[in-house]
file entry01.txt (compact mmCIF, C-alpha atoms)
# COMPACT_ATOMS: atom_id res chain seq x y z
CA MET A 1 76.44 97.93 84.84
CA ARG A 2 76.47 94.88 87.06
CA PRO A 3 75.71 95.40 90.74
CA SER A 4 78.63 95.19 93.17
CA GLU A 5 79.09 92.23 95.50
CA ASP A 6 77.80 94.30 98.40
CA ASP A 7 74.73 95.28 96.40
CA LEU A 8 74.08 91.64 95.47
CA ILE A 9 74.25 90.58 99.09
CA ALA A 10 72.01 93.39 100.29
CA THR A 11 69.35 93.10 97.60
CA LEU A 12 69.26 89.37 96.69
CA PHE A 13 70.59 87.32 99.58
CA ALA A 14 70.11 89.27 102.83
CA PRO A 15 66.30 89.12 102.44
CA ILE A 16 66.38 85.30 102.51
CA ALA A 17 68.84 84.99 105.40
CA GLY A 18 67.75 83.61 108.75
CA PRO A 19 68.40 85.14 112.18
CA GLY A 20 71.66 83.21 112.49
CA GLY A 21 72.90 84.96 109.38
CA LEU A 22 72.95 88.27 111.27
CA GLY A 23 71.58 90.13 108.27
CA LEU A 24 74.65 89.01 106.27
CA ARG A 25 76.44 92.00 107.77
CA ASP A 26 79.10 89.99 109.59
CA ASP A 27 81.96 87.69 108.59
CA ALA A 28 80.33 84.65 110.18
CA ALA A 29 77.01 83.19 111.24
CA LEU A 30 75.81 82.10 114.67
CA ILE A 31 74.07 78.75 115.20
CA THR A 32 72.83 77.41 118.51
CA PRO A 33 71.42 73.85 118.34
CA SER A 34 68.42 73.09 120.53
CA PRO A 35 69.32 71.88 124.05
CA GLY A 36 70.23 68.20 124.04
CA HIS A 37 70.97 68.10 120.31
CA ASP A 38 74.06 67.51 118.17
CA LEU A 39 74.99 69.57 115.12
CA VAL A 40 75.05 67.69 111.78
CA VAL A 41 77.06 69.25 108.94
CA THR A 42 77.19 68.28 105.26
CA LYS A 43 78.59 69.83 102.08
CA ASP A 44 77.96 69.23 98.39
CA MET A 45 79.35 71.02 95.34
CA LEU A 46 77.63 71.31 91.98
CA VAL A 47 79.38 72.30 88.75
CA ALA A 48 77.77 73.26 85.44
CA GLY A 49 78.30 70.54 82.86
CA VAL A 50 78.76 67.90 85.58
CA HIS A 51 75.74 68.12 87.90
CA PHE A 52 73.41 70.25 85.81
CA PHE A 53 73.26 71.84 82.38
CA ALA A 54 74.48 75.42 82.14
CA GLY A 55 71.26 76.37 80.35
CA ASP A 56 68.95 74.99 83.04
CA PRO A 57 66.61 77.54 84.66
CA PRO A 58 68.55 79.44 87.34
CA ASP A 59 65.84 78.95 89.97
CA ALA A 60 65.97 75.18 89.41
CA ILE A 61 69.77 75.15 89.66
CA ALA A 62 69.50 76.91 93.03
CA ARG A 63 66.87 74.50 94.27
CA LYS A 64 68.91 71.47 93.25
CA ALA A 65 72.02 72.81 94.98
CA LEU A 66 70.13 73.15 98.26
CA ARG A 67 68.08 69.98 97.95
CA VAL A 68 71.02 67.61 97.46
CA ASN A 69 72.37 68.85 100.79
CA LEU A 70 69.00 68.52 102.48
CA SER A 71 68.91 64.93 101.26
CA ASP A 72 72.11 64.25 103.22
CA LEU A 73 70.58 65.77 106.34
CA ALA A 74 67.44 63.67 105.89
CA ALA A 75 69.52 60.48 105.74
CA LYS A 76 71.05 61.33 109.10
CA GLY A 77 67.64 61.93 110.66
CA ALA A 78 68.44 65.62 111.02
CA ARG A 79 66.20 68.68 111.06
CA PRO A 80 67.62 71.51 108.89
CA LEU A 81 68.89 74.63 110.64
CA GLY A 82 70.46 76.64 107.82
CA PHE A 83 73.11 76.72 105.11
CA CYS A 84 76.06 78.67 103.74
CA LEU A 85 76.40 79.27 100.01
CA GLY A 86 79.52 79.70 97.91
CA ILE A 87 79.04 80.83 94.30
CA GLY A 88 81.73 80.87 91.64
CA LEU A 89 80.17 82.92 88.83
CA PRO A 90 81.40 82.60 85.23
CA THR A 91 82.42 85.78 83.45
CA ASP A 92 79.15 86.03 81.48
CA TRP A 93 76.79 86.18 84.47
CA THR A 94 73.95 88.70 84.46
CA GLY A 95 71.95 90.42 87.16
CA GLY A 96 68.72 88.90 85.87
CA TRP A 97 70.12 85.38 86.04
CA LEU A 98 71.33 85.87 89.60
CA ALA A 99 68.02 87.41 90.69
CA ALA A 100 66.13 84.36 89.40
CA PHE A 101 68.66 82.11 91.14
CA ALA A 102 68.11 83.95 94.44
CA THR A 103 64.32 83.69 94.06
CA GLY A 104 64.46 79.90 93.64
CA LEU A 105 66.89 79.61 96.53
CA GLY A 106 64.72 81.74 98.78
CA ASP A 107 61.55 79.82 97.93
CA ASP A 108 63.15 76.49 98.85
CA ALA A 109 64.86 77.90 101.93
CA ALA A 110 61.43 78.96 103.17
CA ALA A 111 59.68 75.74 102.13
CA PHE A 112 62.22 73.51 103.86
CA ARG A 113 62.77 75.88 106.81
CA CYS A 114 66.49 76.03 106.12
CA ALA A 115 67.54 79.66 106.01
CA LEU A 116 70.62 81.16 104.39
CA LEU A 117 73.34 81.92 106.97
CA GLY A 118 76.07 83.43 104.79
CA GLY A 119 78.64 82.51 102.19
CA ASP A 120 80.84 84.00 99.50
CA THR A 121 80.52 85.11 95.88
CA VAL A 122 83.49 85.16 93.50
CA MET A 123 84.22 85.49 89.78
CA MET A 124 85.96 82.54 88.16
CA PRO A 125 87.18 81.68 84.65
CA GLY A 126 85.54 78.26 84.63
CA PRO A 127 81.91 77.08 84.66
CA LEU A 128 79.34 78.07 87.26
CA THR A 129 80.28 76.36 90.53
CA LEU A 130 78.10 76.15 93.62
CA SER A 131 79.07 74.95 97.08
CA ILE A 132 76.59 74.60 99.92
CA THR A 133 77.32 73.64 103.50
CA ALA A 134 74.13 72.71 105.31
CA PHE A 135 73.57 72.41 109.05
CA GLY A 136 71.03 70.33 110.90
CA GLU A 137 70.40 68.95 114.35
CA VAL A 138 69.54 65.58 115.86
CA PRO A 139 68.92 64.49 119.45
CA ALA A 140 72.31 64.00 121.12
CA GLY A 141 73.92 60.71 120.20
CA ARG A 142 71.13 59.73 117.84
CA MET A 143 72.45 60.57 114.35
CA VAL A 144 71.84 57.67 111.98
CA PRO A 145 75.30 56.58 110.71
CA ARG A 146 76.17 55.09 107.36
CA THR A 147 78.19 52.41 109.14
CA GLY A 148 75.68 50.84 111.54
CA ALA A 149 74.04 48.04 109.52
CA ARG A 150 74.03 44.57 111.07
CA ALA A 151 73.55 41.11 109.62
CA GLY A 152 69.86 40.30 109.35
CA ASP A 153 68.74 43.92 108.97
CA LEU A 154 66.12 44.61 106.35
CA LEU A 155 67.07 46.98 103.53
CA TYR A 156 64.67 49.70 102.42
CA VAL A 157 64.72 52.48 99.86
CA SER A 158 62.34 55.42 99.58
CA GLY A 159 60.51 56.73 96.54
CA THR A 160 61.51 55.48 93.11
CA ILE A 161 64.89 54.68 91.63
CA GLY A 162 66.26 55.52 88.19
CA ASP A 163 64.05 58.43 87.13
CA ALA A 164 66.76 61.09 87.30
CA ALA A 165 69.45 58.98 85.63
CA ILE A 166 67.11 58.07 82.79
CA GLY A 167 66.06 61.72 82.59
CA LEU A 168 69.69 62.67 82.09
CA ARG A 169 70.07 60.00 79.41
CA LEU A 170 66.95 61.38 77.76
CA ARG A 171 68.55 64.81 77.51
CA LEU A 172 71.84 63.41 76.25
CA ASP A 173 70.34 60.89 73.82
CA ALA A 174 68.01 63.52 72.37
CA ARG A 175 71.07 64.98 70.67
CA ASP A 176 71.45 61.70 68.77
CA ASP A 177 67.72 61.38 68.04
CA ALA A 178 67.50 58.06 69.89
CA GLY A 179 64.44 56.07 68.85
CA TRP A 180 63.24 55.24 72.35
CA ILE A 181 62.72 58.91 73.11
CA ALA A 182 60.32 59.47 70.22
CA THR A 183 58.22 56.51 71.38
CA LEU A 184 58.25 57.31 75.10
CA GLY A 185 55.65 60.06 75.09
CA ASP A 186 55.66 63.56 76.51
CA ALA A 187 54.08 62.75 79.89
CA ALA A 188 56.67 60.11 80.81
CA ALA A 189 59.51 62.26 79.52
CA GLU A 190 58.35 65.17 81.66
CA VAL A 191 58.41 63.00 84.80
CA LEU A 192 61.96 61.81 84.12
CA LEU A 193 63.30 65.25 83.23
CA GLU A 194 61.73 66.82 86.32
CA ARG A 195 63.30 64.22 88.63
CA TYR A 196 66.75 65.00 87.23
CA LEU A 197 66.25 68.73 87.54
CA LEU A 198 64.63 68.80 91.00
CA PRO A 199 65.48 66.18 93.65
CA ARG A 200 62.99 65.48 96.43
CA PRO A 201 64.77 65.43 99.79
CA ARG A 202 62.96 62.99 102.08
CA LEU A 203 63.06 65.10 105.22
CA ALA A 204 59.67 63.74 106.28
CA LEU A 205 61.30 60.32 106.70
CA ALA A 206 63.84 61.59 109.26
CA PRO A 207 61.76 60.72 112.37
CA ALA A 208 61.28 57.14 111.15
CA LEU A 209 65.01 56.81 110.53
CA LEU A 210 65.83 58.15 114.00
CA ALA A 211 63.41 55.73 115.61
CA CYS A 212 64.15 52.59 113.63
CA ALA A 213 67.18 52.60 111.29
CA SER A 214 70.60 51.19 112.13
CA ALA A 215 72.22 52.77 109.05
CA ALA A 216 71.20 55.17 106.28
CA MET A 217 72.55 57.23 103.40
CA ASP A 218 71.06 59.04 100.45
CA VAL A 219 71.33 57.49 97.00
CA SER A 220 73.27 60.06 95.01
CA ASP A 221 75.68 58.01 92.90
CA GLY A 222 73.54 54.99 92.00
CA LEU A 223 71.66 52.39 94.04
CA ALA A 224 73.97 49.48 93.23
CA GLY A 225 77.15 51.31 94.16
CA ASP A 226 75.77 53.17 97.17
CA LEU A 227 74.28 49.97 98.59
CA GLY A 228 77.67 48.30 98.15
CA LYS A 229 79.38 51.21 99.85
CA MET A 230 77.08 51.16 102.87
CA LEU A 231 77.25 47.40 103.33
CA ALA A 232 81.02 47.17 102.85
CA LEU A 233 81.53 49.53 105.77
CA ALA A 234 79.82 46.94 108.00
CA GLY A 235 81.34 43.81 106.41
CA LEU A 236 78.00 42.85 104.88
CA THR A 237 76.49 41.96 101.53
CA ALA A 238 73.00 41.31 100.14
CA ALA A 239 71.05 40.00 97.18
CA VAL A 240 68.40 42.20 95.55
CA ASP A 241 65.78 41.13 93.04
CA VAL A 242 65.50 43.88 90.45
CA GLY A 243 61.73 43.44 90.52
CA ASP A 244 61.77 44.66 94.12
CA VAL A 245 63.46 47.96 93.22
CA PRO A 246 60.74 50.64 93.16
CA MET A 247 60.49 52.36 89.79
CA SER A 248 58.03 54.84 88.39
CA ASP A 249 55.74 54.02 85.47
CA ALA A 250 57.79 56.49 83.41
CA ALA A 251 61.06 54.69 84.16
CA ARG A 252 59.54 51.29 83.43
CA ALA A 253 58.16 52.58 80.13
CA ALA A 254 61.61 53.84 79.12
CA ILE A 255 63.27 50.54 80.09
CA ALA A 256 60.67 48.58 78.11
CA LEU A 257 61.64 50.60 75.02
CA ALA A 258 65.41 50.46 75.69
CA PRO A 259 66.23 47.52 78.02
CA THR A 260 69.82 48.65 78.57
CA LEU A 261 68.41 51.54 80.59
CA ILE A 262 67.99 49.14 83.53
CA GLU A 263 71.72 49.54 84.15
CA THR A 264 71.34 53.31 83.92
CA ALA A 265 68.53 53.19 86.47
CA LEU A 266 70.46 51.08 88.98
CA THR A 267 73.88 52.73 88.65
CA GLY A 268 73.34 56.22 87.24
CA GLY A 269 72.66 58.18 90.41
CA ASP A 270 70.90 61.50 91.11
CA ASP A 271 68.03 59.65 92.83
CA TYR A 272 68.44 61.42 96.20
CA GLU A 273 66.27 58.80 97.83
CA ILE A 274 67.01 57.30 101.25
CA LEU A 275 68.63 53.86 101.51
CA CYS A 276 68.55 52.36 104.99
CA ALA A 277 68.98 49.23 107.07
CA VAL A 278 66.34 48.47 109.71
CA PRO A 279 66.45 45.68 112.34
CA ALA A 280 63.76 43.09 111.62
CA ASP A 281 61.95 43.77 114.89
CA ALA A 282 61.63 47.46 113.98
CA SER A 283 60.51 46.97 110.38
CA SER A 284 56.77 47.20 111.04
CA SER A 285 57.22 50.41 113.01
CA PHE A 286 59.41 51.85 110.27
CA GLU A 287 56.86 51.06 107.57
CA ASP A 288 54.04 52.52 109.67
CA MET A 289 55.95 55.73 110.39
CA ALA A 290 56.94 56.11 106.74
CA ARG A 291 53.32 55.65 105.68
CA GLU A 292 52.15 58.24 108.20
CA ALA A 293 54.81 60.63 106.91
CA GLY A 294 53.58 60.16 103.35
CA VAL A 295 56.86 58.66 102.10
CA ALA A 296 56.71 55.43 100.13
CA VAL A 297 59.36 52.86 101.10
CA ARG A 298 60.12 49.48 99.56
CA ARG A 299 61.90 46.50 101.08
CA LEU A 300 64.88 45.43 98.96
CA GLY A 301 66.35 42.47 100.82
CA ILE A 302 68.18 41.30 103.92
CA THR A 303 71.78 41.97 104.88
CA ALA A 304 74.16 39.04 105.36
CA THR A 305 77.75 38.67 106.50
CA GLY A 306 80.11 38.72 103.52
CA ALA A 307 82.70 40.71 101.65
CA GLY A 308 81.24 40.57 98.15
CA ALA A 309 79.39 43.36 96.42
CA PRO A 310 75.59 43.16 96.53
CA VAL A 311 74.10 41.01 93.77
CA PHE A 312 71.23 42.31 91.67
CA ARG A 313 69.20 39.46 90.12
CA ASP A 314 66.87 39.60 87.14
CA ALA A 315 63.51 37.82 86.88
CA SER A 316 65.22 34.53 86.05
CA GLY A 317 67.48 34.76 89.09
CA ALA A 318 70.61 35.54 87.06
CA ALA A 319 73.02 38.12 88.44
CA LEU A 320 73.30 41.34 86.46
CA ALA A 321 76.75 42.53 85.42
CA PHE A 322 77.37 46.28 85.41
CA ALA A 323 80.12 48.15 83.58
CA ALA A 324 80.33 50.34 86.71
CA THR A 325 78.15 50.17 89.81
CA ARG A 326 78.03 53.90 90.48
CA PHE A 327 78.86 57.34 89.17
CA SER A 328 82.39 58.47 90.02
CA HIS A 329 84.15 61.78 89.35
CA PHE A 330 87.56 60.08 89.07
call {"tool": "encode", "arguments": {"input": "entry01.txt", "output": "structure tokens"}}
result
Amino acid sequence: MRPSEDDLIATLFAPIAGPGGLGLRDDAALITPSPGHDLVVTKDMLVAGVHFFAGDPPDAIARKALRVNLSDLAAKGARPLGFCLGIGLPTDWTGGWLAAFATGLGDDAAAFRCALLGGDTVMMPGPLTLSITAFGEVPAGRMVPRTGARAGDLLYVSGTIGDAAIGLRLRLDARDDAGWIATLGDAAAEVLLERYLLPRPRLALAPALLACASAAMDVSDGLAGDLGKMLALAGLTAAVDVGDVPMSDAARAAIALAPTLIETALTGGDDYEILCAVPADASSSFEDMAREAGVAVRRLGITATGAGAPVFRDASGAALAFAATRFSHF
């Protein structure tokens, strides 16, 4: 027999709850930000077959659900405080699957110091659906907005771009026995698959963003589209040389074998890296702080006044044309 909802809460989720979760014995949680701080709240939903594969390891699914929310907090310069979890379980769920899910969730909650505060668990006729609301804090009035970029700011992105999107293509194209996959090699494939399965929230970059950035967001739906979204909010545009976009050796190897993957890398999403605008006079400080935090950042270009979408140029200087600049659900 499956355990009851009360049993699930008591045995799997209460042990990973933080003090604000009140032992998961109440109908609500209690959060008190540090004195002089604002509360930052974000929410992301993940659905099997859309954001992950139903057969992915349950602990990895749990980690991804939390990490995509932590990525949003990082982009705002926020320190995590806790999260609430909503789970819509399909009819074929098992106790073993949910136990492994809770283990992965608990491990990441501890690693990122973002404890479970509460939530809800329901049965549903559709695919597994997860909803996390994460809470963080920033010094009062200091949250880094998406809208604050100014003309002449320098654009930066953390980490590498395109790994996760190419990793997803690898999994999808494997069904069709695509030739580039057989040539890629196991080591490169493992890097790409891991980046799709497990995002890396750049929480260590938060202090540098608070100190230096005028605008920031995480890259979840594709660099080209997310850059356009951030700049449009400020009436700005930019030109980016594709050679300046940081990519891993694994991504570059895949693109060399299948050149059309460059569009996948720039528009496919699931990077969960930080895209930000930094005033020119703060750029050296930003780079120094990022280096001290152990987070690689790369300069992409300079913002300029204009209404057009950002232009991505190839090695010859020609503008790339994309079928779509970003992932969209609708």
call {"tool": "closest_residue", "arguments": {"input": "entry01.txt", "among": "A:Pro58, A:Pro80, A:Pro90, A:Gly317", "to": "Arg113 of chain A", "atoms": "only C-alpha atoms"}}
result
A:Pro80
call {"tool": "atom_distance", "arguments": {"input": "entry01.txt", "atom1": "atom CA of Arg291 of chain A", "atom2": "atom CA of Ala188 of chain A"}}
result
25.5 Å
call {"tool": "atom_distance", "arguments": {"input": "entry01.txt", "atom1": "atom CA of Leu198 of chain A", "atom2": "atom CA of Leu231 of chain A"}}
result
27.7 Å
call {"tool": "residues_around", "arguments": {"input": "entry01.txt", "residues": "Lys229 of chain A", "least_positions_apart": "4", "cutoff": "10 Å", "atoms": "only C-alpha atoms", "output": "compact mmCIF listing (two decimals) with C-alpha atoms, keeping the file's coordinate frame"}}
result
# COMPACT_ATOMS: atom_id res chain seq x y z
CA ARG A 146 76.17 55.09 107.36
CA THR A 147 78.19 52.41 109.14
CA MET A 217 72.55 57.23 103.40
CA LEU A 223 71.66 52.39 94.04
CA ALA A 224 73.97 49.48 93.23
CA GLY A 225 77.15 51.31 94.16
CA LEU A 233 81.53 49.53 105.77
CA ALA A 234 79.82 46.94 108.00
CA LEU A 236 78.00 42.85 104.88
CA THR A 237 76.49 41.96 101.53
CA ALA A 309 79.39 43.36 96.42
CA PRO A 310 75.59 43.16 96.53
CA ARG A 326 78.03 53.90 90.48
call {"tool": "closest_residue", "arguments": {"input": "entry01.txt", "among": "A:Arg142, A:Arg63, A:Trp180, A:Ala99", "to": "Thr11 of chain A", "atoms": "only C-alpha atoms"}}
result
A:Ala99
